[in-house]
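entry.txt follows; it contains compact mmCIF, C-alpha atoms.
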```
# COMPACT_ATOMS: atom_id res chain seq x y z
CA MET A 1 84.67 91.25 92.70
CA LYS A 2 81.45 89.50 93.55
CA LEU A 3 81.05 91.10 96.99
CA LEU A 4 81.01 94.59 95.47
CA GLN A 5 78.82 93.59 92.50
CA ASP A 6 76.28 92.10 94.90
CA ARG A 7 76.30 95.24 97.04
CA ILE A 8 75.80 97.48 94.00
CA SER A 9 72.95 95.27 92.80
CA ARG A 10 71.32 95.33 96.22
CA ASP A 11 71.82 98.95 97.29
CA GLY A 12 72.70 100.88 94.13
CA LYS A 13 70.19 102.93 92.17
CA VAL A 14 70.17 104.18 88.60
CA LEU A 15 69.15 107.82 88.17
CA PRO A 16 68.28 109.54 84.89
CA GLY A 17 71.37 110.31 82.83
CA ASN A 18 73.13 107.03 83.63
CA ILE A 19 74.03 108.26 87.09
CA ILE A 20 74.74 105.31 89.34
CA LYS A 21 73.97 106.12 92.92
CA VAL A 22 76.03 104.19 95.43
CA ASP A 23 76.09 106.91 98.06
CA GLY A 24 74.66 104.72 100.78
CA PHE A 25 77.83 102.67 101.08
CA LEU A 26 80.64 104.07 98.91
CA ASN A 27 80.83 107.84 98.52
CA HIS A 28 78.61 109.69 100.98
CA ARG A 29 77.64 107.36 103.80
CA VAL A 30 80.58 104.97 103.73
CA ASP A 31 80.57 101.34 104.86
CA ILE A 32 84.10 101.04 106.23
CA SER A 33 83.92 97.26 106.60
CA LEU A 34 83.16 97.00 102.86
CA LEU A 35 86.09 99.32 102.09
CA LYS A 36 88.38 97.00 104.05
CA GLU A 37 87.38 94.13 101.77
CA LEU A 38 88.04 96.28 98.71
CA ALA A 39 91.44 97.32 100.09
CA GLU A 40 92.30 93.67 100.68
CA GLU A 41 91.62 92.99 97.01
CA PHE A 42 93.81 95.92 95.96
CA TYR A 43 96.54 94.49 98.17
CA THR A 44 96.27 91.12 96.43
CA VAL A 45 96.54 92.74 93.01
CA PHE A 46 99.10 95.48 93.62
CA ALA A 47 101.42 94.30 96.45
CA GLU A 48 103.78 92.86 93.81
CA ASP A 49 104.19 96.37 92.36
CA LYS A 50 105.71 97.58 95.63
CA PRO A 51 104.04 100.99 95.91
CA THR A 52 105.47 103.52 98.37
CA LEU A 53 102.51 105.92 98.33
CA ILE A 54 98.73 105.72 97.83
CA MET A 55 97.24 108.69 95.99
CA THR A 56 93.68 109.79 95.30
CA VAL A 57 91.58 112.91 94.59
CA GLU A 58 89.37 114.73 97.05
CA ALA A 59 86.74 114.17 98.18
CA SER A 60 85.04 110.84 97.61
CA GLY A 61 88.23 108.87 96.93
CA ILE A 62 89.73 109.69 100.32
CA ALA A 63 87.96 107.08 102.44
CA LEU A 64 88.90 104.19 100.12
CA ALA A 65 92.46 105.49 99.73
CA THR A 66 92.79 105.77 103.52
CA VAL A 67 91.76 102.18 104.14
CA THR A 68 93.97 101.01 101.25
CA ALA A 69 96.96 102.94 102.61
CA GLU A 70 96.34 101.37 105.99
CA ARG A 71 96.35 97.88 104.43
CA PHE A 72 99.64 98.57 102.64
CA GLY A 73 101.18 100.34 105.65
CA LEU A 74 101.79 103.43 103.51
CA PRO A 75 100.98 107.14 103.67
CA MET A 76 98.09 108.54 101.62
CA LEU A 77 98.26 111.73 99.58
CA PHE A 78 95.17 113.34 98.08
CA ALA A 79 95.11 115.87 95.25
CA LYS A 80 93.10 118.95 96.18
CA LYS A 81 90.70 120.82 93.99
CA ALA A 82 91.53 124.53 93.55
CA LYS A 83 93.86 126.64 95.62
CA SER A 84 93.50 127.06 99.32
CA ASP A 85 95.53 129.27 101.62
CA ASN A 86 97.08 126.40 103.47
CA ILE A 87 99.44 125.25 100.74
CA GLU A 88 102.56 127.27 100.13
CA GLY A 89 104.41 127.49 96.80
CA GLY A 90 105.84 124.54 94.93
CA LEU A 91 102.76 122.89 93.53
CA TYR A 92 102.10 120.33 90.86
CA LYS A 93 98.92 121.34 89.05
CA SER A 94 96.70 119.74 86.42
CA GLU A 95 93.51 121.15 84.96
CA ILE A 96 90.63 118.71 84.52
CA PHE A 97 87.00 119.01 83.56
CA SER A 98 84.71 118.12 86.45
CA TYR A 99 81.50 116.51 85.24
CA THR A 100 80.14 116.77 88.75
CA TYR A 101 80.61 120.53 88.91
CA LYS A 102 80.37 121.12 85.14
CA LYS A 103 83.47 123.29 85.00
CA ALA A 104 87.23 123.13 84.78
CA VAL A 105 88.99 122.68 88.11
CA ASN A 106 92.65 122.51 89.01
CA LEU A 107 93.99 119.53 90.88
CA ILE A 108 96.95 120.53 93.03
CA VAL A 109 99.53 118.60 95.01
CA SER A 110 102.27 120.14 97.09
CA ALA A 111 105.58 119.22 95.44
CA GLU A 112 107.01 118.65 98.90
CA TRP A 113 105.00 115.46 99.40
CA LEU A 114 105.50 113.67 96.10
CA ASN A 115 109.04 112.63 95.23
CA ALA A 116 110.74 111.37 92.10
CA ASP A 117 111.57 108.09 93.84
CA ASP A 118 107.97 107.37 94.87
CA ARG A 119 106.12 104.40 93.41
CA VAL A 120 102.50 105.51 93.31
CA LEU A 121 99.33 103.45 93.43
CA VAL A 122 96.36 105.66 92.56
CA VAL A 123 93.01 104.66 94.06
CA ASP A 124 89.58 106.11 93.39
CA ASP A 125 85.98 105.20 94.12
CA PHE A 126 84.64 105.80 90.62
CA LEU A 127 85.89 105.81 87.04
CA ALA A 128 83.65 107.19 84.30
CA ASN A 129 85.22 109.67 81.87
CA GLY A 130 88.51 109.42 83.70
CA GLU A 131 89.17 113.13 84.01
CA ALA A 132 90.10 113.05 87.70
CA LEU A 133 92.45 110.12 87.22
CA ARG A 134 93.99 111.76 84.14
CA GLY A 135 94.81 114.78 86.32
CA VAL A 136 96.34 112.71 89.12
CA ILE A 137 98.40 110.66 86.66
CA ASP A 138 99.59 113.88 85.01
CA ILE A 139 100.75 115.11 88.43
CA VAL A 140 102.54 111.83 89.15
CA HIS A 141 104.40 112.20 85.84
CA GLN A 142 105.26 115.86 86.55
CA SER A 143 106.94 114.80 89.79
CA GLY A 144 109.05 112.13 88.12
CA ALA A 145 107.50 109.45 90.35
CA GLU A 146 106.49 106.11 88.89
CA LEU A 147 102.84 105.17 88.51
CA VAL A 148 102.66 101.48 89.39
CA GLY A 149 98.91 101.02 89.06
CA VAL A 150 95.39 102.35 89.30
CA GLY A 151 92.79 100.71 91.54
CA VAL A 152 89.15 101.66 91.10
CA ALA A 153 86.11 100.46 93.01
CA VAL A 154 83.40 101.05 90.40
CA GLU A 155 84.08 101.55 86.70
CA LYS A 156 81.34 102.61 84.34
CA GLY A 157 82.34 100.37 81.44
CA PHE A 158 80.09 102.22 79.00
CA GLN A 159 82.06 105.46 79.46
CA PRO A 160 85.53 105.89 77.98
CA GLY A 161 87.78 106.45 81.04
CA GLY A 162 88.75 102.83 81.67
CA GLN A 163 89.54 102.06 78.05
CA LYS A 164 91.72 105.16 77.77
CA LEU A 165 93.81 104.05 80.76
CA ARG A 166 94.13 100.48 79.42
CA ASP A 167 95.10 101.77 75.97
CA ALA A 168 97.78 103.91 77.61
CA GLY A 169 99.26 100.72 79.07
CA TYR A 170 98.53 101.35 82.74
CA LYS A 171 97.81 98.51 85.14
CA LEU A 172 94.18 99.29 85.89
CA HIS A 173 92.16 97.08 88.19
CA SER A 174 88.47 97.87 88.65
CA LEU A 175 86.69 95.85 91.30
CA ALA A 176 83.32 96.11 89.54
CA ILE A 177 82.76 97.15 85.92
CA ILE A 178 79.22 98.20 85.13
CA GLU A 179 78.33 97.25 81.58
CA LYS A 180 74.84 98.63 81.50
CA ALA A 181 72.67 100.58 83.91
CA ASP A 182 69.09 101.53 83.14
CA GLU A 183 65.54 101.23 84.44
CA ASN A 184 65.86 97.44 84.17
CA GLY A 185 68.77 97.30 86.57
CA ILE A 186 72.54 97.07 86.58
CA SER A 187 74.62 94.45 84.75
CA PHE A 188 78.34 93.82 85.09
CA ARG A 189 81.16 92.93 82.73
CA GLU A 190 82.51 89.51 83.62
CA GLU A 191 86.25 89.10 83.14
CA MET B 1 97.77 114.21 123.50
CA LYS B 2 101.54 114.27 123.70
CA LEU B 3 102.10 112.17 120.57
CA LEU B 4 100.25 114.68 118.42
CA GLN B 5 101.78 117.72 120.13
CA ASP B 6 105.25 116.31 119.50
CA ARG B 7 104.45 115.64 115.87
CA ILE B 8 103.11 119.18 115.37
CA SER B 9 106.22 120.61 117.06
CA ARG B 10 108.50 118.50 114.89
CA ASP B 11 106.80 118.68 111.48
CA GLY B 12 104.37 121.61 111.66
CA LYS B 13 105.15 125.04 110.29
CA VAL B 14 103.68 128.46 111.01
CA LEU B 15 102.90 130.56 107.94
CA PRO B 16 102.06 134.28 107.90
CA GLY B 17 98.49 134.92 109.06
CA ASN B 18 98.61 132.33 111.85
CA ILE B 19 98.21 129.50 109.37
CA ILE B 20 99.45 126.29 110.90
CA LYS B 21 100.70 123.94 108.24
CA VAL B 22 100.42 120.28 109.15
CA ASP B 23 99.89 119.05 105.61
CA GLY B 24 102.79 116.63 105.71
CA PHE B 25 101.00 114.28 108.11
CA LEU B 26 97.40 115.38 108.75
CA ASN B 27 95.52 116.98 105.86
CA HIS B 28 97.28 116.54 102.53
CA ARG B 29 99.86 113.78 102.83
CA VAL B 30 98.32 111.72 105.61
CA ASP B 31 100.18 109.50 108.06
CA ILE B 32 97.62 106.74 108.56
CA SER B 33 99.50 105.16 111.47
CA LEU B 34 99.28 108.49 113.34
CA LEU B 35 95.55 108.70 112.56
CA LYS B 36 95.09 105.26 114.11
CA GLU B 37 96.57 106.55 117.37
CA LEU B 38 94.27 109.59 117.26
CA ALA B 39 91.27 107.36 116.60
CA GLU B 40 92.24 105.18 119.56
CA GLU B 41 92.16 108.28 121.76
CA PHE B 42 88.72 109.26 120.42
CA TYR B 43 87.56 105.75 121.24
CA THR B 44 88.79 106.10 124.81
CA VAL B 45 86.96 109.41 125.23
CA PHE B 46 83.72 108.77 123.33
CA ALA B 47 82.99 105.02 123.51
CA GLU B 48 80.86 105.68 126.64
CA ASP B 49 78.63 107.95 124.55
CA LYS B 50 77.66 105.03 122.33
CA PRO B 51 77.70 106.72 118.91
CA THR B 52 76.02 104.98 115.98
CA LEU B 53 77.55 107.13 113.24
CA ILE B 54 80.77 109.09 112.66
CA MET B 55 80.30 112.33 110.72
CA THR B 56 82.72 114.83 109.20
CA VAL B 57 83.00 117.43 106.42
CA GLU B 58 84.77 116.98 103.11
CA ALA B 59 87.59 116.97 102.34
CA SER B 60 90.33 116.98 104.92
CA GLY B 61 88.25 115.48 107.72
CA ILE B 62 87.49 112.32 105.78
CA ALA B 63 90.70 110.38 106.44
CA LEU B 64 90.51 110.87 110.22
CA ALA B 65 86.78 110.13 110.27
CA THR B 66 87.37 106.96 108.25
CA VAL B 67 89.95 105.59 110.66
CA THR B 68 87.79 106.64 113.63
CA ALA B 69 84.75 104.91 112.14
CA GLU B 70 86.83 101.80 111.63
CA ARG B 71 87.93 101.85 115.29
CA PHE B 72 84.31 102.16 116.46
CA GLY B 73 83.01 99.64 113.91
CA LEU B 74 80.60 102.26 112.56
CA PRO B 75 79.75 103.80 109.18
CA MET B 76 81.11 107.24 108.27
CA LEU B 77 79.06 110.00 106.69
CA PHE B 78 80.65 113.15 105.29
CA ALA B 79 78.86 116.42 104.56
CA LYS B 80 79.53 117.61 101.02
CA LYS B 81 80.23 121.14 99.92
CA ALA B 82 77.83 122.48 97.28
CA LYS B 83 75.43 120.54 95.13
CA SER B 84 76.55 117.74 92.86
CA ASP B 85 74.42 115.76 90.43
CA ASN B 86 74.80 112.53 92.30
CA ILE B 87 72.54 113.37 95.20
CA GLU B 88 68.82 113.23 94.65
CA GLY B 89 66.27 115.29 96.59
CA GLY B 90 65.78 115.19 100.34
CA LEU B 91 68.79 117.09 101.59
CA TYR B 92 69.76 118.68 104.85
CA LYS B 93 71.61 121.88 104.09
CA SER B 94 73.52 124.45 106.12
CA GLU B 95 75.29 127.54 104.86
CA ILE B 96 78.72 128.26 106.33
CA PHE B 97 81.48 130.71 105.61
CA SER B 98 84.60 128.97 104.31
CA TYR B 99 87.76 130.79 105.39
CA THR B 100 89.74 128.53 103.08
CA TYR B 101 87.76 129.56 100.01
CA LYS B 102 86.73 132.99 101.32
CA LYS B 103 83.09 132.56 100.41
CA ALA B 104 79.85 131.08 101.65
CA VAL B 105 79.38 127.41 100.84
CA ASN B 106 76.52 125.04 101.48
CA LEU B 107 77.11 121.84 103.39
CA ILE B 108 74.70 119.15 102.27
CA VAL B 109 73.81 115.71 103.58
CA SER B 110 71.33 113.36 101.99
CA ALA B 111 68.44 112.95 104.43
CA GLU B 112 68.34 109.28 103.58
CA TRP B 113 71.59 108.58 105.44
CA LEU B 114 71.05 110.47 108.69
CA ASN B 115 68.23 109.30 110.91
CA ALA B 116 66.48 110.71 113.94
CA ASP B 117 67.61 107.74 116.02
CA ASP B 118 71.31 108.18 115.16
CA ARG B 119 73.80 109.14 117.87
CA VAL B 120 76.41 111.17 116.05
CA LEU B 121 80.07 111.68 116.87
CA VAL B 122 81.45 114.48 114.69
CA VAL B 123 85.17 114.30 113.90
CA ASP B 124 87.35 116.85 112.12
CA ASP B 125 91.03 117.45 111.57
CA PHE B 126 91.01 121.15 112.45
CA LEU B 127 88.99 123.58 114.54
CA ALA B 128 89.62 127.31 114.15
CA ASN B 129 86.58 129.54 113.69
CA GLY B 130 84.31 126.52 113.87
CA GLU B 131 82.22 127.31 110.80
CA ALA B 132 82.43 123.82 109.30
CA LEU B 133 81.52 122.17 112.60
CA ARG B 134 78.69 124.65 113.15
CA GLY B 135 77.26 123.56 109.79
CA VAL B 136 77.55 119.85 110.53
CA ILE B 137 76.00 120.27 113.97
CA ASP B 138 73.17 122.28 112.43
CA ILE B 139 72.53 119.38 110.03
CA VAL B 140 72.57 116.85 112.87
CA HIS B 141 69.94 118.93 114.68
CA GLN B 142 67.81 119.27 111.53
CA SER B 143 67.67 115.49 111.26
CA GLY B 144 66.55 115.02 114.84
CA ALA B 145 69.63 112.88 115.56
CA GLU B 146 71.54 113.33 118.78
CA LEU B 147 75.01 114.88 118.78
CA VAL B 148 76.96 112.90 121.38
CA GLY B 149 80.32 114.62 120.92
CA VAL B 150 82.86 116.41 118.78
CA GLY B 151 86.39 115.07 118.36
CA VAL B 152 89.02 117.34 116.84
CA ALA B 153 92.67 116.63 116.10
CA VAL B 154 94.08 120.18 116.18
CA GLU B 155 92.29 123.13 117.77
CA LYS B 156 93.60 126.64 117.33
CA GLY B 157 92.92 127.83 120.85
CA PHE B 158 93.45 131.48 119.92
CA GLN B 159 90.47 131.40 117.55
CA PRO B 160 86.90 131.28 118.84
CA GLY B 161 85.53 127.99 117.45
CA GLY B 162 86.39 125.75 120.39
CA GLN B 163 85.10 128.14 123.04
CA LYS B 164 81.80 128.53 121.17
CA LEU B 165 81.25 124.78 121.17
CA ARG B 166 82.16 124.47 124.87
CA ASP B 167 79.88 127.38 125.75
CA ALA B 168 77.06 125.63 123.88
CA GLY B 169 77.55 122.65 126.20
CA TYR B 170 78.85 120.14 123.68
CA LYS B 171 81.31 117.44 124.67
CA LEU B 172 84.31 118.66 122.68
CA HIS B 173 87.61 116.83 122.85
CA SER B 174 90.58 118.32 121.00
CA LEU B 175 93.70 116.15 120.90
CA ALA B 176 96.02 119.15 120.68
CA ILE B 177 95.12 122.76 121.45
CA ILE B 178 97.52 125.30 120.05
CA GLU B 179 97.77 128.30 122.37
CA LYS B 180 100.17 130.36 120.33
CA ALA B 181 101.85 130.00 116.96
CA ASP B 182 104.32 132.52 115.61
CA GLU B 183 107.86 132.84 114.30
CA ASN B 184 109.14 131.59 117.65
CA GLY B 185 107.31 128.29 117.35
CA ILE B 186 104.15 126.58 118.53
CA SER B 187 102.99 126.26 122.12
CA PHE B 188 100.14 124.17 123.47
CA ARG B 189 97.47 124.60 126.10
CA GLU B 190 98.02 122.07 128.88
CA GLU B 191 94.84 120.71 130.46
```
For this file, produce the structure as structure tokens.
Amino acid sequence: MKLLQDRISRDGKVLPGNIIKVDGFLNHRVDISLLKELAEEFYTVFAEDKPTLIMTVEASGIALATVTAERFGLPMLFAKKAKSDNIEGGLYKSEIFSYTYKKAVNLIVSAEWLNADDRVLVVDDFLANGEALRGVIDIVHQSGAELVGVGVAVEKGFQPGGQKLRDAGYKLHSLAIIEKADENGISFREE
Amino acid sequence: MKLLQDRISRDGKVLPGNIIKVDGFLNHRVDISLLKELAEEFYTVFAEDKPTLIMTVEASGIALATVTAERFGLPMLFAKKAKSDNIEGGLYKSEIFSYTYKKAVNLIVSAEWLNADDRVLVVDDFLANGEALRGVIDIVHQSGAELVGVGVAVEKGFQPGGQKLRDAGYKLHSLAIIEKADENGISFREE
């Protein structure tokens, strides 16, 4: 998606360790009007799959999932990290490795809010190693719901998460796939 | 706000320890169409204060802040909990006590995205002891920005957070204030 590629090129930064910083518009300070354009693209790609629920993972996927859910006219459900007091029994749980926090964390979803007859579109802001998405997909499968697709804003094409999802046969649509990011700038995979 | 009170009465549950469970529509599975009505109410109350930025705290405030930011046509900035790799130096930081996680956590905001000339409307889904909001407000003050108001969906009126903010002179607007919640049900403060 050229709009997103252009924004990444203009406002993104590359930090040591291949960290791509897009926190001025995507995952810290969030440009809601940009998210609406991204959600519109997800609608174009995934409306035919007739989702009944938009899912994501806390925290940085929530804004994009919210705007996407609004576009589809659907509710949004986010997987939480670790146990809080405010969720009673009956949980789906999946352990993932968080590269951000450098430790294993549990994703949890209250079983009450994810049903076997749901058709789930998973949305996230970033896809690198794919651990967070693996956990959400695992939870969707535990519930008996159907995963109809995965929509990602920014995929780091040089990390294995995207390929793993494609190899598994999922309908993955990434709005921008970064092929290379270094001191010389950011280049994208053209499809 | 009657719409929200009615929804809490219909779908909310009271758990032992005065925990009010609204996770079927507000902070786990999120009813986006309800959030749009709440955002409309925030717009009615706070448009006159001319905010330039909507702020919240991860994670459960993000959906409401996103829809509110959309209604105002403004960006949304969320304070993060604890340090992740993806934020470079230049942080505002405030330590709060998290009742959810039963430990002290640091709220952080990249200084780059909060400016002294911003007029900040802080939005959150819940107000109980007010620790999270105290941290965000502290960060707003550190930046030199002006706090123009605080919009909350559900205030637990029997806990001290709301009164503290009113005593401090802030313009606080809670869409539903729960006066009492026990095995007999939930009652609201009428204003």
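Minimum distance to chain A across B:Lys50, B:Leu77, B:Phe72, B:Leu64 (counting all atoms listed in the file) occurs at B:Leu77.
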For chain B against chain A, which residues fall within 7 Å using all atoms listed in the file, given as a PDB file with C-alpha atoms, in the frame of the given file?
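Wrote it out as iface_6.pdb, contents follow:
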```pdb
ATOM      1  CA  ILE B  19      98.210 129.500 109.370  1.00  0.00           C
ATOM      2  CA  LYS B  21     100.700 123.940 108.240  1.00  0.00           C
ATOM      3  CA  GLY B  24     102.790 116.630 105.710  1.00  0.00           C
ATOM      4  CA  HIS B  28      97.280 116.540 102.530  1.00  0.00           C
ATOM      5  CA  ARG B  29      99.860 113.780 102.830  1.00  0.00           C
ATOM      6  CA  VAL B  30      98.320 111.720 105.610  1.00  0.00           C
ATOM      7  CA  ASP B  31     100.180 109.500 108.060  1.00  0.00           C
ATOM      8  CA  ILE B  32      97.620 106.740 108.560  1.00  0.00           C
ATOM      9  CA  GLU B  58      84.770 116.980 103.110  1.00  0.00           C
ATOM     10  CA  ALA B  59      87.590 116.970 102.340  1.00  0.00           C
ATOM     11  CA  ILE B  62      87.490 112.320 105.780  1.00  0.00           C
ATOM     12  CA  ALA B  63      90.700 110.380 106.440  1.00  0.00           C
ATOM     13  CA  THR B  66      87.370 106.960 108.250  1.00  0.00           C
ATOM     14  CA  GLU B  70      86.830 101.800 111.630  1.00  0.00           C
ATOM     15  CA  PRO B  75      79.750 103.800 109.180  1.00  0.00           C
ATOM     16  CA  MET B  76      81.110 107.240 108.270  1.00  0.00           C
ATOM     17  CA  LEU B  77      79.060 110.000 106.690  1.00  0.00           C
ATOM     18  CA  PHE B  78      80.650 113.150 105.290  1.00  0.00           C
ATOM     19  CA  SER B  84      76.550 117.740  92.860  1.00  0.00           C
ATOM     20  CA  ASP B  85      74.420 115.760  90.430  1.00  0.00           C
ATOM     21  CA  ASN B  86      74.800 112.530  92.300  1.00  0.00           C
ATOM     22  CA  THR B 100      89.740 128.530 103.080  1.00  0.00           C
ATOM     23  CA  TYR B 101      87.760 129.560 100.010  1.00  0.00           C
ATOM     24  CA  TRP B 113      71.590 108.580 105.440  1.00  0.00           C
TER      25      TRP B 113
END
```
Q: Write out as a list in words which residues come within 9 Å of segment 44-48 of chain A when counting only C-alpha atoms, dropping same-chain ones fewer than 3 positions away.
A: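 Everything that qualifies: Ala39, Glu40, Glu41, Pro51, Phe72, Leu121, Val148, Gly149, Val150, Gly151 and His173 of chain A.
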Q) Do you have the atom CA of Glu146 of chain A-atom CA of Asp117 of chain A distance handy? A)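 It comes out at 7.4 Å.
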**Q.** Near-Met1 of chain B list (12 Å; all atoms listed in the file; drop same-chain fewer than 5 positions) as a list in words
**A.**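 So, after excluding close chain neighbours, the residues are Asp6, Arg7, Ile8, Leu34, Glu37, Leu38, Ala39, Glu40, Glu41, Phe42, Val45, Val152, Ala153, Val154, Glu155, His173, Ser174, Leu175, Ala176, Ile177, Ile178, Phe188, Arg189, Glu190 and Glu191 of chain B.
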Q | Nearest to Phe126 of chain A by atom-to-atom distance, counting only C-alpha atoms, from A:Gly144, A:Gly161, A:Gly90, A:Gly169 | A | A:Gly161
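In this comparison, which uses only C-alpha atoms, the residue of A:Ile96, A:Arg166, A:Ser187, A:Gly12 approaching Val136 of chain A most closely is A:Ile96.
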Q. Could you state the separation of atom CA of Glu95 of chain A and atom CA of Leu107 of chain A in Å, given to one decimal place?
A.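 Taking atom CA of Glu95 of chain A and atom CA of Leu107 of chain A, their separation equals 6.2 Å.
Between atom CA of Asn106 of chain A and atom CA of Asn129 of chain A there is a distance of 16.5 Å.
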Can you patch up segment 160-179 of chain B, filling it in to N, CA and C atoms, and show the result as a tab-separated table (two decimals), in the frame of the given file?
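Result file rebuild_14.tsv:
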```
chain	number	residue	atom	x	y	z
B	160	PRO	N	88.04	131.45	117.93
B	160	PRO	CA	86.90	131.28	118.84
B	160	PRO	C	86.09	129.97	118.72
B	161	GLY	N	86.38	129.15	117.70
B	161	GLY	CA	85.53	127.99	117.45
B	161	GLY	C	85.36	127.05	118.64
B	162	GLY	N	86.45	126.71	119.28
B	162	GLY	CA	86.39	125.75	120.39
B	162	GLY	C	85.58	126.28	121.55
B	163	GLN	N	85.82	127.55	121.91
B	163	GLN	CA	85.10	128.14	123.04
B	163	GLN	C	83.60	128.17	122.77
B	164	LYS	N	83.23	128.51	121.53
B	164	LYS	CA	81.80	128.53	121.17
B	164	LYS	C	81.15	127.18	121.40
B	165	LEU	N	81.83	126.12	121.00
B	165	LEU	CA	81.25	124.78	121.17
B	165	LEU	C	81.17	124.40	122.65
B	166	ARG	N	82.20	124.77	123.43
B	166	ARG	CA	82.16	124.47	124.87
B	166	ARG	C	81.06	125.26	125.55
B	167	ASP	N	80.93	126.54	125.16
B	167	ASP	CA	79.88	127.38	125.75
B	167	ASP	C	78.48	126.83	125.44
B	168	ALA	N	78.36	126.19	124.27
B	168	ALA	CA	77.06	125.63	123.88
B	168	ALA	C	76.78	124.31	124.60
B	169	GLY	N	77.77	123.84	125.38
B	169	GLY	CA	77.55	122.65	126.20
B	169	GLY	C	77.88	121.33	125.51
B	170	TYR	N	78.50	121.38	124.37
B	170	TYR	CA	78.85	120.14	123.68
B	170	TYR	C	80.07	119.49	124.32
B	171	LYS	N	80.13	118.18	124.23
B	171	LYS	CA	81.31	117.44	124.67
B	171	LYS	C	82.35	117.51	123.55
B	172	LEU	N	83.26	118.46	123.69
B	172	LEU	CA	84.31	118.66	122.68
B	172	LEU	C	85.62	118.14	123.23
B	173	HIS	N	86.29	117.29	122.45
B	173	HIS	CA	87.61	116.83	122.85
B	173	HIS	C	88.59	117.11	121.72
B	174	SER	N	89.54	118.00	121.98
B	174	SER	CA	90.58	118.32	121.00
B	174	SER	C	91.88	117.65	121.45
B	175	LEU	N	92.51	116.93	120.53
B	175	LEU	CA	93.70	116.15	120.90
B	175	LEU	C	94.92	117.02	121.11
B	176	ALA	N	94.95	118.17	120.44
B	176	ALA	CA	96.02	119.15	120.68
B	176	ALA	C	95.41	120.53	120.52
B	177	ILE	N	95.63	121.39	121.52
B	177	ILE	CA	95.12	122.76	121.45
B	177	ILE	C	96.31	123.70	121.37
B	178	ILE	N	96.40	124.38	120.26
B	178	ILE	CA	97.52	125.30	120.05
B	178	ILE	C	97.18	126.65	120.70
B	179	GLU	N	98.01	127.06	121.63
B	179	GLU	CA	97.77	128.30	122.37
B	179	GLU	C	98.32	129.49	121.60
```
